[in-house]
Amino acid sequence: MQTQSKWGVAALFAGLVWSATASAQASANPAFGPGEQSSYRVRYLGITAGTAQVTVGATMKQWGEEVWPIVALARSNDMLGVWPIKDKFVSYWQPEQQRVMGSDLHADENGSRRRQRIKMLPDGKSAFVVKQKEGESARESTREVPEGTLDMTGATFALRNQALAVGEEYAYPVFTGSKAFTLRAKVEGTEVLGTELGKKEVFKLRVKTEFDGNLASKRDMFVYLTTDPSHVPVRVEADLALGTIVAEITDYKPGRSMAVARAENGG
């Protein structure tokens with residue numbers, strides 16, 4: 001089985017739950033802030049396969065810029081006893097400019113460890129990528145990317161900051177470290193969804209991606225974001241080559257506003 005295993009897909013939902021967007025107006029009041037934490041249960045073919053947790057960290061310096069680290073953790077269910085997964089993905093979000101500075105991935109999948117670092121370069125049109133598997137030398141490369149490129153986590157959080165409206169479409173250039181594509185999301189409507197946090201009014205979004213291999217979609221994904229200003233992802237559904245995956249929210253803690261975070265940081 002490939003390193004990007006069926007249980008490792010939990011990492012994808014941790015991001016869903018990191019230009020073409022110029023026509024859509026971003027909210028003046030960000031939907032999220034430091035301290036926010038969302039937890040998810042990830043089901044594969046109806047069985048609980050693992051969990052994902054997404055946390056917005058406190059302001060820090062990365063590559064000379066003040067950023068909010070958005071930390072996504074994916075874990076397989078130890079009770080299953082097969083293909084253990086323990087992944088950590090950090091996206092460095094620059095809140096003032098609504099962009100991603102880069103990311104770090106640390107993956108531990110079935111005992112095989114690898115890391116990947118992406119740094120967006122100052123020209124805004126290229127990315128420096130470092131990949132390394134355990135026991136091997138690091139491989140470095142520079143890739144051309146569209147201006148304003150994000151990762152999956154960044155695209156999800158940028159979407160949350162939009163003034164979402166039924167019928168509107170949003171597009172974000174995304175780079176995974178291996179592949180560049182445009183993520184497209186359309187708000188199809190609103191509905192009331194039952195969750196472990198109670199009934200929530202949500203926007204239903206149809207999302208198109210261009211993943212390959214096990215993560216290739218048989219059909220479009222559906223993402224459900226609350227209609228309140230926080231636009232919290234509460235459910236993700238995907239029919240992938242490896243099977244049907246559903247991520248459902250189990251816990252949520254709101255974060256601090258940008259103004260409060262700035263004041264705490266002495267800004």
# chains A, B, ... in the order shown; residues from 1 in each chain; ligands from 1
$ select_by_dssp --residues "region 113-243 of chain A" --states "strand (DSSP E or B)" --output "VMD selection string"
chain A and resid 113 to 120 126 to 133 139 to 144 150 162 169 to 175 180 to 195 198 to 208 217 221 to 226 233 to 240 243
$ residues_around --residues "region 185-196 of chain A" --least-positions-apart "6" --cutoff "8 Å" --atoms "only C-alpha atoms" --output "CSV table (one decimal) with all heavy atoms, in the first residue's frame"
chain,number,residue,atom,x,y,z
A,164,LEU,N,-20.0,34.6,2.6
A,164,LEU,CA,-20.6,33.5,1.8
A,164,LEU,C,-22.1,33.8,1.4
A,164,LEU,O,-22.8,34.3,2.3
A,164,LEU,CB,-20.5,32.2,2.5
A,164,LEU,CG,-19.1,31.7,2.8
A,164,LEU,CD1,-19.2,30.4,3.6
A,164,LEU,CD2,-18.3,31.4,1.6
A,165,ALA,N,-22.4,33.4,0.2
A,165,ALA,CA,-23.8,33.7,-0.2
A,165,ALA,C,-24.2,32.5,-1.2
A,165,ALA,O,-23.4,32.1,-2.0
A,165,ALA,CB,-24.0,35.0,-0.9
A,166,VAL,N,-25.5,32.1,-1.1
A,166,VAL,CA,-26.0,31.0,-1.9
A,166,VAL,C,-25.8,31.4,-3.4
A,166,VAL,O,-26.2,32.5,-3.8
A,166,VAL,CB,-27.4,30.7,-1.6
A,166,VAL,CG1,-28.0,29.6,-2.6
A,166,VAL,CG2,-27.5,30.2,-0.1
A,167,GLY,N,-25.3,30.5,-4.2
A,167,GLY,CA,-25.1,30.7,-5.6
A,167,GLY,C,-23.7,31.3,-6.0
A,167,GLY,O,-23.3,31.2,-7.1
A,168,GLU,N,-23.0,31.8,-5.0
A,168,GLU,CA,-21.7,32.3,-5.3
A,168,GLU,C,-20.6,31.2,-5.4
A,168,GLU,O,-20.7,30.2,-4.8
A,168,GLU,CB,-21.2,33.3,-4.1
A,168,GLU,CG,-22.0,34.6,-4.1
A,168,GLU,CD,-21.8,35.5,-5.3
A,168,GLU,OE1,-20.7,35.5,-5.8
A,168,GLU,OE2,-22.8,36.1,-5.7
A,169,GLU,N,-19.6,31.5,-6.3
A,169,GLU,CA,-18.5,30.6,-6.5
A,169,GLU,C,-17.2,31.2,-6.1
A,169,GLU,O,-17.0,32.4,-6.3
A,169,GLU,CB,-18.5,30.1,-7.9
A,169,GLU,CG,-19.7,29.4,-8.4
A,169,GLU,CD,-19.6,28.9,-9.8
A,169,GLU,OE1,-18.4,28.7,-10.3
A,169,GLU,OE2,-20.6,28.6,-10.4
A,170,TYR,N,-16.3,30.4,-5.5
A,170,TYR,CA,-15.0,30.9,-5.1
A,170,TYR,C,-13.9,30.0,-5.6
A,170,TYR,O,-14.1,28.8,-5.7
A,170,TYR,CB,-15.0,31.0,-3.5
A,170,TYR,CG,-16.1,31.7,-2.9
A,170,TYR,CD1,-17.3,31.0,-2.7
A,170,TYR,CD2,-16.1,33.1,-2.7
A,170,TYR,CE1,-18.4,31.7,-2.1
A,170,TYR,CE2,-17.2,33.7,-2.2
A,170,TYR,CZ,-18.3,33.1,-1.9
A,170,TYR,OH,-19.4,33.7,-1.4
A,171,ALA,N,-12.7,30.6,-5.9
A,171,ALA,CA,-11.6,29.8,-6.5
A,171,ALA,C,-10.3,30.2,-5.8
A,171,ALA,O,-10.1,31.3,-5.6
A,171,ALA,CB,-11.6,29.9,-8.0
A,202,VAL,N,-26.3,25.5,8.2
A,202,VAL,CA,-25.1,25.5,7.5
A,202,VAL,C,-25.2,25.8,6.0
A,202,VAL,O,-26.3,25.7,5.4
A,202,VAL,CB,-24.5,24.0,7.5
A,202,VAL,CG1,-24.1,23.7,9.0
A,202,VAL,CG2,-25.4,23.0,6.9
A,203,PHE,N,-24.1,26.3,5.4
A,203,PHE,CA,-24.0,26.4,4.0
A,203,PHE,C,-23.5,25.1,3.5
A,203,PHE,O,-22.6,24.5,4.0
A,203,PHE,CB,-23.0,27.5,3.6
A,203,PHE,CG,-23.5,28.9,3.8
A,203,PHE,CD1,-22.8,29.7,4.8
A,203,PHE,CD2,-24.5,29.5,3.1
A,203,PHE,CE1,-23.2,31.0,5.0
A,203,PHE,CE2,-24.9,30.8,3.3
A,203,PHE,CZ,-24.2,31.6,4.3
A,204,LYS,N,-24.1,24.6,2.4
A,204,LYS,CA,-23.6,23.4,1.7
A,204,LYS,C,-22.8,23.8,0.5
A,204,LYS,O,-23.4,24.5,-0.4
A,204,LYS,CB,-24.8,22.5,1.3
A,204,LYS,CG,-24.4,21.2,0.6
A,204,LYS,CD,-25.6,20.4,0.2
A,204,LYS,CE,-25.1,19.1,-0.5
A,204,LYS,NZ,-26.3,18.3,-0.9
A,205,LEU,N,-21.6,23.5,0.5
A,205,LEU,CA,-20.7,23.8,-0.6
A,205,LEU,C,-20.2,22.6,-1.4
A,205,LEU,O,-19.8,21.6,-0.8
A,205,LEU,CB,-19.4,24.6,-0.1
A,205,LEU,CG,-19.6,26.0,0.5
A,205,LEU,CD1,-20.0,25.9,1.9
A,205,LEU,CD2,-18.3,26.8,0.4
A,206,ARG,N,-20.3,22.7,-2.7
A,206,ARG,CA,-19.7,21.7,-3.6
A,206,ARG,C,-18.3,22.1,-3.9
A,206,ARG,O,-18.1,23.2,-4.4
A,206,ARG,CB,-20.6,21.6,-4.9
A,206,ARG,CG,-20.0,20.5,-5.8
A,206,ARG,CD,-20.8,20.6,-7.1
A,206,ARG,NE,-22.2,20.1,-6.9
A,206,ARG,CZ,-22.6,18.9,-7.0
A,206,ARG,NH1,-21.8,17.9,-7.3
A,206,ARG,NH2,-23.9,18.6,-6.8
A,207,VAL,N,-17.3,21.2,-3.6
A,207,VAL,CA,-15.9,21.6,-3.8
A,207,VAL,C,-15.3,20.7,-4.8
A,207,VAL,O,-15.4,19.4,-4.7
A,207,VAL,CB,-15.2,21.5,-2.4
A,207,VAL,CG1,-13.7,21.8,-2.6
A,207,VAL,CG2,-15.8,22.4,-1.4
A,208,LYS,N,-14.6,21.3,-5.8
A,208,LYS,CA,-13.8,20.5,-6.8
A,208,LYS,C,-12.3,20.6,-6.5
A,208,LYS,O,-11.8,21.7,-6.3
A,208,LYS,CB,-14.1,21.1,-8.2
A,208,LYS,CG,-15.6,21.0,-8.6
A,208,LYS,CD,-15.7,21.6,-10.0
A,208,LYS,CE,-17.2,21.5,-10.5
A,208,LYS,NZ,-17.6,20.2,-10.8
A,234,VAL,N,-18.3,21.8,9.8
A,234,VAL,CA,-18.9,20.8,10.7
A,234,VAL,C,-19.0,19.4,10.1
A,234,VAL,O,-19.1,18.4,10.8
A,234,VAL,CB,-20.3,21.3,11.2
A,234,VAL,CG1,-20.2,22.5,12.0
A,234,VAL,CG2,-21.3,21.4,10.1
A,248,GLU,N,-16.8,14.5,10.7
A,248,GLU,CA,-17.8,15.1,11.4
A,248,GLU,C,-17.3,15.8,12.7
A,248,GLU,O,-16.4,15.2,13.4
A,248,GLU,CB,-18.9,14.1,11.9
A,248,GLU,CG,-19.5,13.3,10.7
A,248,GLU,CD,-20.3,12.1,11.2
A,248,GLU,OE1,-19.7,11.3,11.9
A,248,GLU,OE2,-21.5,12.1,10.9
A,249,ILE,N,-17.7,17.0,12.9
A,249,ILE,CA,-17.2,17.8,14.1
A,249,ILE,C,-17.7,17.1,15.4
A,249,ILE,O,-18.8,16.7,15.5
A,249,ILE,CB,-17.6,19.3,14.0
A,249,ILE,CG1,-16.7,20.1,14.9
A,249,ILE,CG2,-19.1,19.4,14.3
A,249,ILE,CD1,-16.8,21.6,14.7
A,250,THR,N,-16.8,17.1,16.4
A,250,THR,CA,-17.1,16.5,17.7
A,250,THR,C,-16.9,17.6,18.8
A,250,THR,O,-17.5,17.4,19.9
A,250,THR,CB,-16.3,15.3,18.0
A,250,THR,OG1,-14.9,15.6,17.9
A,250,THR,CG2,-16.6,14.2,17.0
A,251,ASP,N,-16.1,18.6,18.5
A,251,ASP,CA,-15.9,19.6,19.6
A,251,ASP,C,-15.4,20.9,18.9
A,251,ASP,O,-14.8,20.8,17.8
A,251,ASP,CB,-14.9,19.1,20.6
A,251,ASP,CG,-14.8,20.1,21.8
A,251,ASP,OD1,-15.8,20.5,22.3
A,251,ASP,OD2,-13.7,20.3,22.3
$ closest_residue --among "A:Asp87, A:Glu144, A:Glu201, A:Asp220" --to "Arg184 (chain A)" --atoms "only C-alpha atoms"
A:Asp220
$ closest_residue --among "A:Ile245, A:Val232, A:Leu159, A:Ala107" --to "Lys131 (chain A)" --atoms "only C-alpha atoms"
A:Ala107
$ residues_around --residues "Val42 (chain A)" --least-positions-apart "5" --cutoff "6 Å" --atoms "only C-alpha atoms" --output "PyMOL selection string"
chain A and resi 48-51+246-247
$ select_by_dssp --residues "region 127-205 of chain A" --states "helix (DSSP H, G or I)" --output "ChimeraX atom specification"
/A:152-160
$ write_last_selection --atoms "all heavy atoms" --output "PDB file, in the first residue's frame"
ATOM      1  N   MET A 152      -4.031  23.567   1.222  1.00  0.00           N
ATOM      2  CA  MET A 152      -5.426  23.195   1.462  1.00  0.00           C
ATOM      3  C   MET A 152      -5.974  23.845   2.723  1.00  0.00           C
ATOM      4  O   MET A 152      -7.122  24.303   2.765  1.00  0.00           O
ATOM      5  CB  MET A 152      -5.555  21.674   1.552  1.00  0.00           C
ATOM      6  CG  MET A 152      -5.537  20.969   0.210  1.00  0.00           C
ATOM      7  SD  MET A 152      -6.943  21.419  -0.841  1.00  0.00           S
ATOM      8  CE  MET A 152      -8.307  20.758   0.114  1.00  0.00           C
ATOM      9  N   THR A 153      -5.147  23.894   3.773  1.00  0.00           N
ATOM     10  CA  THR A 153      -5.591  24.549   5.002  1.00  0.00           C
ATOM     11  C   THR A 153      -5.851  26.026   4.756  1.00  0.00           C
ATOM     12  O   THR A 153      -6.891  26.569   5.159  1.00  0.00           O
ATOM     13  CB  THR A 153      -4.531  24.380   6.106  1.00  0.00           C
ATOM     14  OG1 THR A 153      -4.369  22.993   6.397  1.00  0.00           O
ATOM     15  CG2 THR A 153      -4.952  25.105   7.384  1.00  0.00           C
ATOM     16  N   GLY A 154      -4.924  26.688   4.082  1.00  0.00           N
ATOM     17  CA  GLY A 154      -5.081  28.105   3.797  1.00  0.00           C
ATOM     18  C   GLY A 154      -6.309  28.392   2.959  1.00  0.00           C
ATOM     19  O   GLY A 154      -7.031  29.370   3.193  1.00  0.00           O
ATOM     20  N   ALA A 155      -6.586  27.541   1.968  1.00  0.00           N
ATOM     21  CA  ALA A 155      -7.763  27.727   1.127  1.00  0.00           C
ATOM     22  C   ALA A 155      -9.038  27.601   1.944  1.00  0.00           C
ATOM     23  O   ALA A 155      -9.990  28.371   1.771  1.00  0.00           O
ATOM     24  CB  ALA A 155      -7.756  26.712  -0.014  1.00  0.00           C
ATOM     25  N   THR A 156      -9.065  26.634   2.863  1.00  0.00           N
ATOM     26  CA  THR A 156     -10.236  26.452   3.706  1.00  0.00           C
ATOM     27  C   THR A 156     -10.468  27.658   4.594  1.00  0.00           C
ATOM     28  O   THR A 156     -11.597  28.159   4.722  1.00  0.00           O
ATOM     29  CB  THR A 156     -10.075  25.188   4.574  1.00  0.00           C
ATOM     30  OG1 THR A 156      -9.881  24.052   3.732  1.00  0.00           O
ATOM     31  CG2 THR A 156     -11.304  24.966   5.444  1.00  0.00           C
ATOM     32  N   PHE A 157      -9.397  28.167   5.210  1.00  0.00           N
ATOM     33  CA  PHE A 157      -9.548  29.305   6.115  1.00  0.00           C
ATOM     34  C   PHE A 157      -9.826  30.594   5.351  1.00  0.00           C
ATOM     35  O   PHE A 157     -10.556  31.461   5.830  1.00  0.00           O
ATOM     36  CB  PHE A 157      -8.320  29.419   7.015  1.00  0.00           C
ATOM     37  CG  PHE A 157      -8.370  28.504   8.207  1.00  0.00           C
ATOM     38  CD1 PHE A 157      -8.192  27.132   8.062  1.00  0.00           C
ATOM     39  CD2 PHE A 157      -8.630  28.997   9.476  1.00  0.00           C
ATOM     40  CE1 PHE A 157      -8.260  26.274   9.152  1.00  0.00           C
ATOM     41  CE2 PHE A 157      -8.695  28.157  10.579  1.00  0.00           C
ATOM     42  CZ  PHE A 157      -8.517  26.790  10.411  1.00  0.00           C
ATOM     43  N   ALA A 158      -9.271  30.739   4.155  1.00  0.00           N
ATOM     44  CA  ALA A 158      -9.585  31.898   3.328  1.00  0.00           C
ATOM     45  C   ALA A 158     -11.063  31.878   2.935  1.00  0.00           C
ATOM     46  O   ALA A 158     -11.735  32.916   2.925  1.00  0.00           O
ATOM     47  CB  ALA A 158      -8.699  31.912   2.078  1.00  0.00           C
ATOM     48  N   LEU A 159     -11.573  30.696   2.627  1.00  0.00           N
ATOM     49  CA  LEU A 159     -12.982  30.557   2.283  1.00  0.00           C
ATOM     50  C   LEU A 159     -13.872  30.936   3.457  1.00  0.00           C
ATOM     51  O   LEU A 159     -14.902  31.599   3.293  1.00  0.00           O
ATOM     52  CB  LEU A 159     -13.265  29.114   1.842  1.00  0.00           C
ATOM     53  CG  LEU A 159     -14.687  28.797   1.373  1.00  0.00           C
ATOM     54  CD1 LEU A 159     -15.042  29.633   0.152  1.00  0.00           C
ATOM     55  CD2 LEU A 159     -14.806  27.308   1.061  1.00  0.00           C
ATOM     56  N   ARG A 160     -13.471  30.550   4.652  1.00  0.00           N
ATOM     57  CA  ARG A 160     -14.242  30.898   5.845  1.00  0.00           C
ATOM     58  C   ARG A 160     -14.348  32.411   6.030  1.00  0.00           C
ATOM     59  O   ARG A 160     -15.331  32.907   6.594  1.00  0.00           O
ATOM     60  CB  ARG A 160     -13.606  30.273   7.099  1.00  0.00           C
ATOM     61  CG  ARG A 160     -13.744  28.765   7.190  1.00  0.00           C
ATOM     62  CD  ARG A 160     -13.057  28.236   8.443  1.00  0.00           C
ATOM     63  NE  ARG A 160     -13.644  28.820   9.644  1.00  0.00           N
ATOM     64  CZ  ARG A 160     -13.133  28.679  10.871  1.00  0.00           C
ATOM     65  NH1 ARG A 160     -12.009  28.012  11.031  1.00  0.00           N
ATOM     66  NH2 ARG A 160     -13.725  29.228  11.904  1.00  0.00           N
TER      67      ARG A 160
END
$ atom_distance --atom1 "CA of Ser38 (chain A)" --atom2 "CA of Thr244 (chain A)"
21.7 Å
$ closest_residue --among "A:Gly124, A:Pro146, A:Gly57, A:Gly243" --to "Ala180 (chain A)" --atoms "only C-alpha atoms"
A:Pro146
$ residues_around --residues "Glu147 (chain A)" --least-positions-apart "6" --cutoff "12 Å" --atoms "only C-alpha atoms" --output "JSON, numbers by chain"
{"A": [19, 20, 21, 22, 99, 100, 120, 121, 122, 123, 124, 125, 126, 127, 172, 173, 174, 175, 180, 182]}
